>>> print(open('protein.tsv').read())   # TSV, C-alpha atoms
chain	number	residue	atom	x	y	z
A	1	MET	CA	50.12	301.34	-63.54
A	2	ASN	CA	51.72	298.87	-61.18
A	3	SER	CA	55.50	298.84	-60.95
A	4	PRO	CA	57.46	295.57	-61.31
A	5	THR	CA	58.32	295.80	-57.61
A	6	SER	CA	54.69	296.04	-56.46
A	7	PHE	CA	53.73	293.20	-58.83
A	8	TYR	CA	56.49	291.02	-57.36
A	9	GLN	CA	55.44	291.83	-53.79
A	10	ARG	CA	51.81	291.03	-54.53
A	11	SER	CA	52.82	287.76	-56.20
A	12	LEU	CA	54.98	286.88	-53.21
A	13	ARG	CA	52.14	287.59	-50.76
A	14	ASN	CA	49.81	285.40	-52.79
A	15	GLY	CA	52.45	282.69	-52.85
A	16	VAL	CA	52.77	282.78	-49.08
A	17	PHE	CA	48.99	282.60	-48.76
A	18	PHE	CA	48.73	279.48	-50.95
A	19	ALA	CA	51.73	277.82	-49.29
A	20	VAL	CA	50.19	278.31	-45.84
A	21	LEU	CA	46.86	276.99	-47.11
A	22	SER	CA	48.61	273.89	-48.47
A	23	ALA	CA	50.49	273.21	-45.23
A	24	THR	CA	47.28	273.70	-43.24
A	25	GLY	CA	45.32	271.32	-45.45
A	26	PHE	CA	47.89	268.53	-45.19
A	27	SER	CA	48.24	269.04	-41.43
A	28	LEU	CA	44.49	268.51	-40.87
A	29	LYS	CA	44.47	265.03	-42.42
A	30	ALA	CA	45.30	263.21	-39.18
A	31	VAL	CA	42.67	265.24	-37.32
A	32	PHE	CA	39.97	264.21	-39.81
A	33	VAL	CA	41.02	260.56	-39.47
A	34	LYS	CA	40.80	260.72	-35.66
A	35	LEU	CA	37.40	262.43	-35.87
A	36	SER	CA	36.19	259.65	-38.18
A	37	TYR	CA	37.34	257.01	-35.70
A	38	ALA	CA	35.55	258.84	-32.90
A	39	ALA	CA	32.29	259.19	-34.88
A	40	ALA	CA	31.74	255.46	-35.46
A	41	PRO	CA	33.44	252.06	-34.99
A	42	VAL	CA	35.15	252.09	-38.38
A	43	ASP	CA	38.51	250.61	-39.32
A	44	ALA	CA	41.42	252.15	-41.21
A	45	VAL	CA	40.58	250.54	-44.55
A	46	THR	CA	37.00	251.86	-44.47
A	47	VAL	CA	38.08	255.42	-43.67
A	48	LEU	CA	40.80	255.28	-46.33
A	49	ALA	CA	38.33	253.93	-48.91
A	50	ILE	CA	35.95	256.82	-48.20
A	51	ARG	CA	38.79	259.32	-48.52
A	52	MET	CA	40.17	257.95	-51.77
A	53	GLY	CA	36.79	257.17	-53.31
A	54	LEU	CA	35.72	260.78	-52.82
A	55	ALA	CA	39.15	262.06	-53.93
A	56	LEU	CA	39.19	260.10	-57.21
A	57	PRO	CA	37.07	262.63	-59.18
A	58	LEU	CA	39.27	265.40	-57.79
A	59	PHE	CA	42.43	263.64	-58.95
A	60	LEU	CA	40.84	263.40	-62.40
A	61	TRP	CA	40.22	267.16	-62.14
A	62	LEU	CA	43.95	267.68	-61.46
A	63	ILE	CA	44.80	265.66	-64.58
A	64	TRP	CA	42.39	267.80	-66.64
A	65	LEU	CA	43.74	271.00	-65.08
A	66	SER	CA	47.34	270.06	-65.95
A	67	ARG	CA	46.65	269.32	-69.63
A	68	SER	CA	48.84	271.13	-72.14
A	69	PRO	CA	49.57	270.85	-75.88
A	70	GLU	CA	53.26	270.42	-74.98
A	71	GLN	CA	52.65	267.37	-72.80
A	72	ALA	CA	54.70	264.31	-73.58
A	73	ARG	CA	52.71	261.20	-74.41
A	74	LEU	CA	52.88	258.55	-71.72
A	75	THR	CA	54.82	255.42	-72.58
A	76	LEU	CA	54.40	251.94	-71.12
A	77	ALA	CA	57.42	252.58	-68.90
A	78	ASP	CA	55.78	255.81	-67.65
A	79	GLY	CA	52.61	253.88	-66.84
A	80	VAL	CA	54.53	251.25	-64.83
A	81	ARG	CA	56.38	253.95	-62.87
A	82	ILE	CA	53.15	255.81	-62.14
A	83	LEU	CA	51.51	252.61	-60.87
A	84	LEU	CA	54.49	251.97	-58.59
A	85	LEU	CA	54.30	255.54	-57.28
A	86	GLY	CA	50.58	255.06	-56.67
A	87	LEU	CA	51.35	251.82	-54.81
A	88	PHE	CA	53.91	253.39	-52.48
A	89	GLY	CA	52.30	256.83	-52.20
A	90	TYR	CA	48.63	257.26	-51.40
A	91	TYR	CA	47.98	253.49	-51.09
A	92	LEU	CA	50.59	251.82	-48.85
A	93	SER	CA	51.81	255.01	-47.19
A	94	SER	CA	48.26	256.16	-46.40
A	95	LEU	CA	47.13	252.68	-45.33
A	96	PHE	CA	50.01	252.31	-42.86
A	97	ASP	CA	49.40	255.84	-41.61
A	98	PHE	CA	45.69	255.18	-41.00
A	99	TYR	CA	46.54	251.95	-39.15
A	100	GLY	CA	48.91	253.90	-36.92
A	101	LEU	CA	46.32	256.57	-36.14
A	102	GLU	CA	44.17	253.88	-34.54
A	103	TYR	CA	46.73	253.80	-31.71
A	104	ILE	CA	48.59	257.12	-31.42
A	105	SER	CA	47.79	260.82	-31.24
A	106	ALA	CA	47.59	263.03	-34.32
A	107	GLY	CA	50.45	265.17	-33.03
A	108	LEU	CA	52.83	262.24	-32.64
A	109	GLU	CA	51.79	260.88	-36.04
A	110	ARG	CA	52.75	264.12	-37.78
A	111	LEU	CA	56.13	264.22	-36.01
A	112	ILE	CA	56.96	260.68	-37.12
A	113	LEU	CA	55.93	261.41	-40.71
A	114	PHE	CA	57.94	264.61	-40.73
A	115	THR	CA	61.17	262.60	-40.33
A	116	TYR	CA	60.79	261.25	-43.87
A	117	PRO	CA	63.54	263.59	-45.23
A	118	THR	CA	66.03	261.66	-43.07
A	119	LEU	CA	64.84	258.43	-44.71
A	120	VAL	CA	65.13	259.95	-48.20
A	121	LEU	CA	68.66	260.99	-47.31
A	122	LEU	CA	69.62	257.53	-46.03
A	123	LEU	CA	68.13	255.81	-49.08
A	124	GLN	CA	69.91	258.14	-51.46
A	125	MET	CA	73.23	257.68	-49.69
A	126	ALA	CA	72.76	253.90	-49.80
A	127	VAL	CA	72.09	254.03	-53.55
A	128	ASN	CA	75.11	256.29	-54.14
A	129	ARG	CA	77.28	254.46	-51.57
A	130	GLU	CA	77.98	257.66	-49.69
A	131	ARG	CA	78.73	258.20	-46.04
A	132	PRO	CA	76.96	260.91	-44.03
A	133	ASP	CA	79.13	263.75	-42.81
A	134	SER	CA	79.12	264.96	-39.22
A	135	ARG	CA	76.63	267.75	-39.90
A	136	THR	CA	74.16	265.25	-41.36
A	137	LEU	CA	74.59	262.86	-38.44
A	138	VAL	CA	73.99	265.65	-35.92
A	139	ALA	CA	70.86	266.83	-37.77
A	140	MET	CA	69.47	263.30	-37.93
A	141	GLY	CA	70.33	262.73	-34.28
A	142	LEU	CA	68.35	265.84	-33.31
A	143	CYS	CA	65.35	264.63	-35.33
A	144	TYR	CA	65.22	261.26	-33.66
A	145	LEU	CA	66.00	262.66	-30.21
A	146	GLY	CA	62.98	264.94	-30.55
A	147	LEU	CA	60.87	262.06	-31.82
A	148	GLY	CA	61.99	259.91	-28.88
A	149	ILE	CA	61.00	262.61	-26.37
A	150	ALA	CA	57.52	262.88	-27.92
A	151	LEU	CA	57.12	259.09	-28.09
A	152	VAL	CA	58.13	258.50	-24.46
A	153	HIS	CA	55.77	261.27	-23.39
A	154	ASP	CA	52.85	259.70	-25.24
A	155	ILE	CA	53.61	256.27	-23.75
A	156	ARG	CA	53.56	257.72	-20.23
A	157	VAL	CA	50.41	259.76	-20.76
A	158	GLU	CA	48.39	257.25	-22.77
A	159	GLY	CA	49.57	254.07	-21.06
A	160	GLY	CA	49.47	250.82	-23.00
A	161	HIS	CA	53.01	251.23	-24.33
A	162	GLY	CA	52.57	248.21	-26.61
A	163	GLN	CA	49.77	249.88	-28.57
A	164	THR	CA	51.61	253.20	-28.75
A	165	LEU	CA	54.74	251.50	-30.07
A	166	LEU	CA	52.67	249.52	-32.58
A	167	GLY	CA	51.03	252.72	-33.83
A	168	ALA	CA	54.41	254.44	-34.05
A	169	LEU	CA	55.82	251.54	-36.08
A	170	TRP	CA	52.89	251.66	-38.50
A	171	VAL	CA	53.38	255.40	-39.04
A	172	PHE	CA	57.15	254.93	-39.42
A	173	ALA	CA	56.40	252.32	-42.11
A	174	SER	CA	54.26	255.00	-43.74
A	175	ALA	CA	57.22	257.40	-43.66
A	176	VAL	CA	59.46	254.74	-45.26
A	177	THR	CA	57.03	254.06	-48.11
A	178	TYR	CA	56.52	257.79	-48.63
A	179	ALA	CA	60.30	258.27	-48.81
A	180	LEU	CA	60.39	255.64	-51.57
A	181	TYR	CA	57.53	257.45	-53.32
A	182	TYR	CA	59.34	260.78	-53.00
A	183	MET	CA	62.53	259.39	-54.50
A	184	GLY	CA	60.56	257.83	-57.34
A	185	THR	CA	58.93	261.12	-58.30
A	186	ALA	CA	62.31	262.60	-59.26
A	187	ALA	CA	62.64	260.03	-62.05
A	188	VAL	CA	59.19	260.77	-63.50
A	189	VAL	CA	58.25	264.37	-62.72
A	190	ARG	CA	60.46	266.05	-65.34
A	191	ARG	CA	58.76	264.14	-68.12
A	192	VAL	CA	55.19	263.98	-66.79
A	193	GLY	CA	54.85	267.25	-64.84
A	194	SER	CA	54.24	267.62	-61.13
A	195	MET	CA	50.49	268.31	-61.07
A	196	ARG	CA	49.76	265.77	-63.78
A	197	LEU	CA	51.85	263.18	-61.93
A	198	ALA	CA	50.02	263.91	-58.67
A	199	GLY	CA	46.68	263.38	-60.42
A	200	LEU	CA	47.76	260.18	-62.16
A	201	ALA	CA	49.48	258.62	-59.13
A	202	GLY	CA	46.65	259.69	-56.84
A	203	GLY	CA	44.05	258.28	-59.22
A	204	ALA	CA	45.95	254.98	-59.44
A	205	SER	CA	46.16	254.84	-55.63
A	206	SER	CA	42.42	255.50	-55.35
A	207	VAL	CA	41.64	252.54	-57.58
A	208	MET	CA	44.01	250.32	-55.56
A	209	VAL	CA	42.39	251.35	-52.28
A	210	LEU	CA	38.88	250.75	-53.64
A	211	ILE	CA	39.86	247.28	-54.91
A	212	HIS	CA	41.38	246.52	-51.49
A	213	TYR	CA	38.19	247.57	-49.76
A	214	ALA	CA	35.95	245.67	-52.19
A	215	VAL	CA	37.93	242.48	-51.50
A	216	SER	CA	38.45	242.77	-47.73
A	217	GLY	CA	35.88	245.29	-46.47
A	218	ASN	CA	32.16	245.33	-45.86
A	219	VAL	CA	30.69	247.41	-48.67
A	220	GLN	CA	27.18	247.20	-47.18
A	221	GLN	CA	28.49	248.94	-44.06
A	222	LEU	CA	28.94	252.19	-46.00
A	223	ALA	CA	25.20	252.81	-46.18
A	224	SER	CA	24.82	252.53	-42.40
A	225	LEU	CA	27.70	254.82	-41.43
A	226	PRO	CA	26.71	258.03	-39.66
A	227	GLY	CA	26.83	261.27	-41.62
A	228	ALA	CA	29.77	262.54	-39.55
A	229	VAL	CA	32.06	259.90	-41.03
A	230	TRP	CA	31.12	260.98	-44.56
A	231	VAL	CA	31.55	264.66	-43.68
A	232	HIS	CA	35.03	264.06	-42.28
A	233	GLY	CA	35.91	261.85	-45.24
A	234	SER	CA	34.75	264.53	-47.67
A	235	LEU	CA	36.77	267.20	-45.90
A	236	MET	CA	39.77	264.90	-45.89
A	237	ALA	CA	39.47	264.23	-49.63
A	238	LEU	CA	39.01	267.90	-50.52
A	239	ILE	CA	40.95	269.92	-47.94
A	240	SER	CA	43.68	267.44	-46.98
A	241	THR	CA	44.29	265.52	-50.19
A	242	VAL	CA	43.71	267.26	-53.52
A	243	LEU	CA	43.40	271.00	-52.83
A	244	PRO	CA	46.76	271.20	-50.96
A	245	ILE	CA	48.48	269.82	-54.07
A	246	TYR	CA	46.81	272.50	-56.18
A	247	TRP	CA	47.58	275.24	-53.65
A	248	MET	CA	51.22	274.22	-53.50
A	249	ALA	CA	51.42	274.40	-57.30
A	250	LEU	CA	50.03	277.95	-57.16
A	251	ALA	CA	52.54	278.85	-54.44
A	252	ILE	CA	55.44	277.49	-56.50
A	253	GLN	CA	54.33	279.54	-59.50
A	254	ARG	CA	54.42	282.72	-57.44
A	255	MET	CA	57.43	282.30	-55.14
A	256	GLY	CA	59.55	279.43	-56.44
A	257	ALA	CA	59.88	275.83	-55.29
A	258	THR	CA	62.46	276.39	-52.55
A	259	HIS	CA	60.53	279.11	-50.72
A	260	ALA	CA	57.20	277.32	-51.13
A	261	ALA	CA	58.61	274.03	-49.82
A	262	ALA	CA	59.88	275.75	-46.66
A	263	PHE	CA	56.29	276.27	-45.53
A	264	GLY	CA	55.94	272.50	-45.15
A	265	ASN	CA	57.71	273.01	-41.82
A	266	LEU	CA	54.47	274.51	-40.52
A	267	GLY	CA	52.76	271.11	-40.81
A	268	PRO	CA	53.69	269.52	-37.46
A	269	VAL	CA	53.04	272.78	-35.60
A	270	LEU	CA	49.62	273.19	-37.18
A	271	THR	CA	48.74	269.55	-36.48
A	272	VAL	CA	49.63	269.88	-32.80
A	273	PHE	CA	47.43	272.95	-32.36
A	274	ALA	CA	44.58	271.55	-34.49
A	275	SER	CA	44.69	268.36	-32.40
A	276	TRP	CA	44.48	270.44	-29.25
A	277	ALA	CA	41.58	272.55	-30.56
A	278	LEU	CA	39.52	269.83	-32.28
A	279	LEU	CA	40.49	266.60	-30.51
A	280	GLY	CA	41.32	267.80	-27.03
A	281	GLU	CA	44.89	266.45	-27.20
A	282	ALA	CA	47.11	268.08	-24.59
A	283	ILE	CA	50.07	270.29	-25.48
A	284	THR	CA	52.93	269.75	-23.04
A	285	VAL	CA	56.48	270.96	-22.62
A	286	TYR	CA	57.76	267.55	-23.76
A	287	GLN	CA	55.77	267.74	-26.99
A	288	ILE	CA	56.99	271.26	-27.70
A	289	ALA	CA	60.60	270.21	-27.00
A	290	GLY	CA	60.29	267.18	-29.27
A	291	LEU	CA	58.64	269.25	-31.99
A	292	ALA	CA	61.36	271.91	-31.80
A	293	LEU	CA	64.15	269.34	-32.10
A	294	VAL	CA	62.54	267.59	-35.07
A	295	LEU	CA	61.92	270.88	-36.89
A	296	PHE	CA	65.45	272.10	-36.20
A	297	GLY	CA	66.97	268.80	-37.31
A	298	VAL	CA	65.00	268.74	-40.56
A	299	SER	CA	65.90	272.36	-41.30
A	300	ARG	CA	69.59	271.54	-40.75
A	301	LEU	CA	69.31	268.58	-43.11
A	302	SER	CA	68.27	270.89	-45.94
A	303	GLY	CA	71.73	272.41	-45.88
A	304	ALA	CA	73.61	269.17	-45.32
A	305	LYS	CA	76.24	268.32	-47.89
A	306	ALA	CA	74.78	264.92	-48.70
A	307	ALA	CA	71.16	266.08	-48.79
A	308	PRO	CA	69.17	265.05	-51.87
A	309	GLN	CA	68.42	267.74	-54.42
A	310	PRO	CA	65.26	266.87	-56.35
A	311	ALA	CA	64.24	268.72	-59.46
A	312	PRO	CA	62.48	272.02	-58.72
A	313	SER	CA	59.15	270.80	-60.04
A	314	SER	CA	59.30	267.72	-57.84
A	315	ARG	CA	59.28	269.96	-54.78
A	316	LEU	CA	55.51	270.02	-55.18
A	317	ARG	CA	55.51	266.78	-53.22
A	318	ILE	CA	57.41	268.14	-50.22
A	319	ALA	CA	54.33	268.15	-48.02
A	320	LYS	CA	53.12	264.75	-46.85
A	321	PRO	CA	49.64	263.96	-48.04
>>> encode(input="protein.tsv", output="structure tokens")
Amino acid sequence: MNSPTSFYQRSLRNGVFFAVLSATGFSLKAVFVKLSYAAAPVDAVTVLAIRMGLALPLFLWLIWLSRSPEQARLTLADGVRILLLGLFGYYLSSLFDFYGLEYISAGLERLILFTYPTLVLLLQMAVNRERPDSRTLVAMGLCYLGLGIALVHDIRVEGGHGQTLLGALWVFASAVTYALYYMGTAAVVRRVGSMRLAGLAGGASSVMVLIHYAVSGNVQQLASLPGAVWVHGSLMALISTVLPIYWMALAIQRMGATHAAAFGNLGPVLTVFASWALLGEAITVYQIAGLALVLFGVSRLSGAKAAPQPAPSSRLRIAKP
């Protein structure tokens, strides 16, 4: 018969396993996008439409998986909030991100996105009319110093500083819209539930993306795309969109929201090494220095006095999809 201690240790190990899986899945998203761009002359909207079109049935699976007799019935106000979260989350945030990846490396993209906690903090302080303390300012300064080092390095290596800056601005816009999405989840997640909300908001985003593509894209082009684009899109939908949400939920069940969320810090590191292994992107001292400063700054923000404290269940959305 297993003792309570051995049961707890086994549960913790399983939680770590699922949290690492989730961080790995999210970190591979940019790599799959870059591989899609390399496989055929496709634009951001086409790649995003493939991702979200294939992810839509999986989001419906999340909604089915999260069903419970105790679920609150959705009101009209809930529906409006979910649509807004879908607009800012997987639609605008992903669209801006995919635009940016046309111009910058996957490693730099992940670093820029990883600064979104600083944006959440600034937005929350603006809403509450608070001033950041010195610890918060230092942590934010470290984040953006590290980001600046990585950005300057990419400009020097890649050349074409205009395109690199444009890509960085697109990805920063993605981080801003994701920060708005993250703040919005706190107002809805207690009532709707984290996994159910992820499925509903993701499904709404998928429909928005598909409408966007139907209006502005070339639907006939889909049939002529090489198989590699569809393979990468399928992997993106499964491994880097829906399954990481499910894995994070399993991790939270086994080790708690705070410990599970901490594994999101692995994301930028995993992206840098996956980009090196799969895309041939170089790893330099400047990138490592920038990465270290961003990670350290974000970790310091978590203990800052003015840092936002979302509901435990909303921590499911810590990792950037």
>>> residues_around(input="protein.tsv", residues="Leu166 of chain A", least_positions_apart="3", cutoff="8 Å", atoms="all atoms listed in the file", output="list of chain:residue names")
A:Gly100, A:Tyr103, A:Gly162, A:Gln163, A:Leu169, A:Trp170
>>> closest_atom_pairs(input="protein.tsv", of="segment 64-160 of chain A", to="segment 282-294 of chain A", cutoff="6 Å", atoms="only C-alpha atoms", output="tab-separated table")
residue	atom	partner	partner_atom	distance
A:Leu142	CA	A:Leu293	CA	5.6
A:Cys143	CA	A:Val294	CA	4.1
A:Gly146	CA	A:Gly290	CA	3.7
A:Leu147	CA	A:Gly290	CA	5.7
A:Ile149	CA	A:Gly290	CA	5.5
A:Ala150	CA	A:Gln287	CA	5.2
>>> atom_distance(input="protein.tsv", atom1="atom CA of Met183 of chain A", atom2="atom CA of Asn128 of chain A")
13.0 Å
>>> atom_distance(input="protein.tsv", atom1="atom CA of Ala277 of chain A", atom2="atom CA of Phe98 of chain A")
20.7 Å
>>> closest_residue(input="protein.tsv", among="A:Ile104, A:Leu21, A:Leu200, A:Leu28", to="Thr185 of chain A", atoms="all atoms listed in the file")
A:Leu200
>>> closest_residue(input="protein.tsv", among="A:Ser27, A:Ser205, A:Ser299, A:Thr115", to="Leu92 of chain A", atoms="only C-alpha atoms")
A:Ser205
>>> residues_around(input="protein.tsv", residues="segment 248-252 of chain A", least_positions_apart="4", cutoff="6 Å", atoms="only C-alpha atoms", output="ChimeraX atom specification")
/A:15,18-19,22,244,256-257,260
>>> write_last_selection(input="protein.tsv", atoms="C-alpha atoms", output="JSON list (two decimals), keeping the file's coordinate frame")
[["chain", "number", "residue", "atom", "x", "y", "z"],
["A", 15, "GLY", "CA", 52.45, 282.69, -52.85],
["A", 18, "PHE", "CA", 48.73, 279.48, -50.95],
["A", 19, "ALA", "CA", 51.73, 277.82, -49.29],
["A", 22, "SER", "CA", 48.61, 273.89, -48.47],
["A", 244, "PRO", "CA", 46.76, 271.20, -50.96],
["A", 256, "GLY", "CA", 59.55, 279.43, -56.44],
["A", 257, "ALA", "CA", 59.88, 275.83, -55.29],
["A", 260, "ALA", "CA", 57.20, 277.32, -51.13]]
>>> closest_residue(input="protein.tsv", among="A:Ser194, A:Ser68, A:Thr136, A:Ser105", to="Leu165 of chain A", atoms="all atoms listed in the file")
A:Ser105
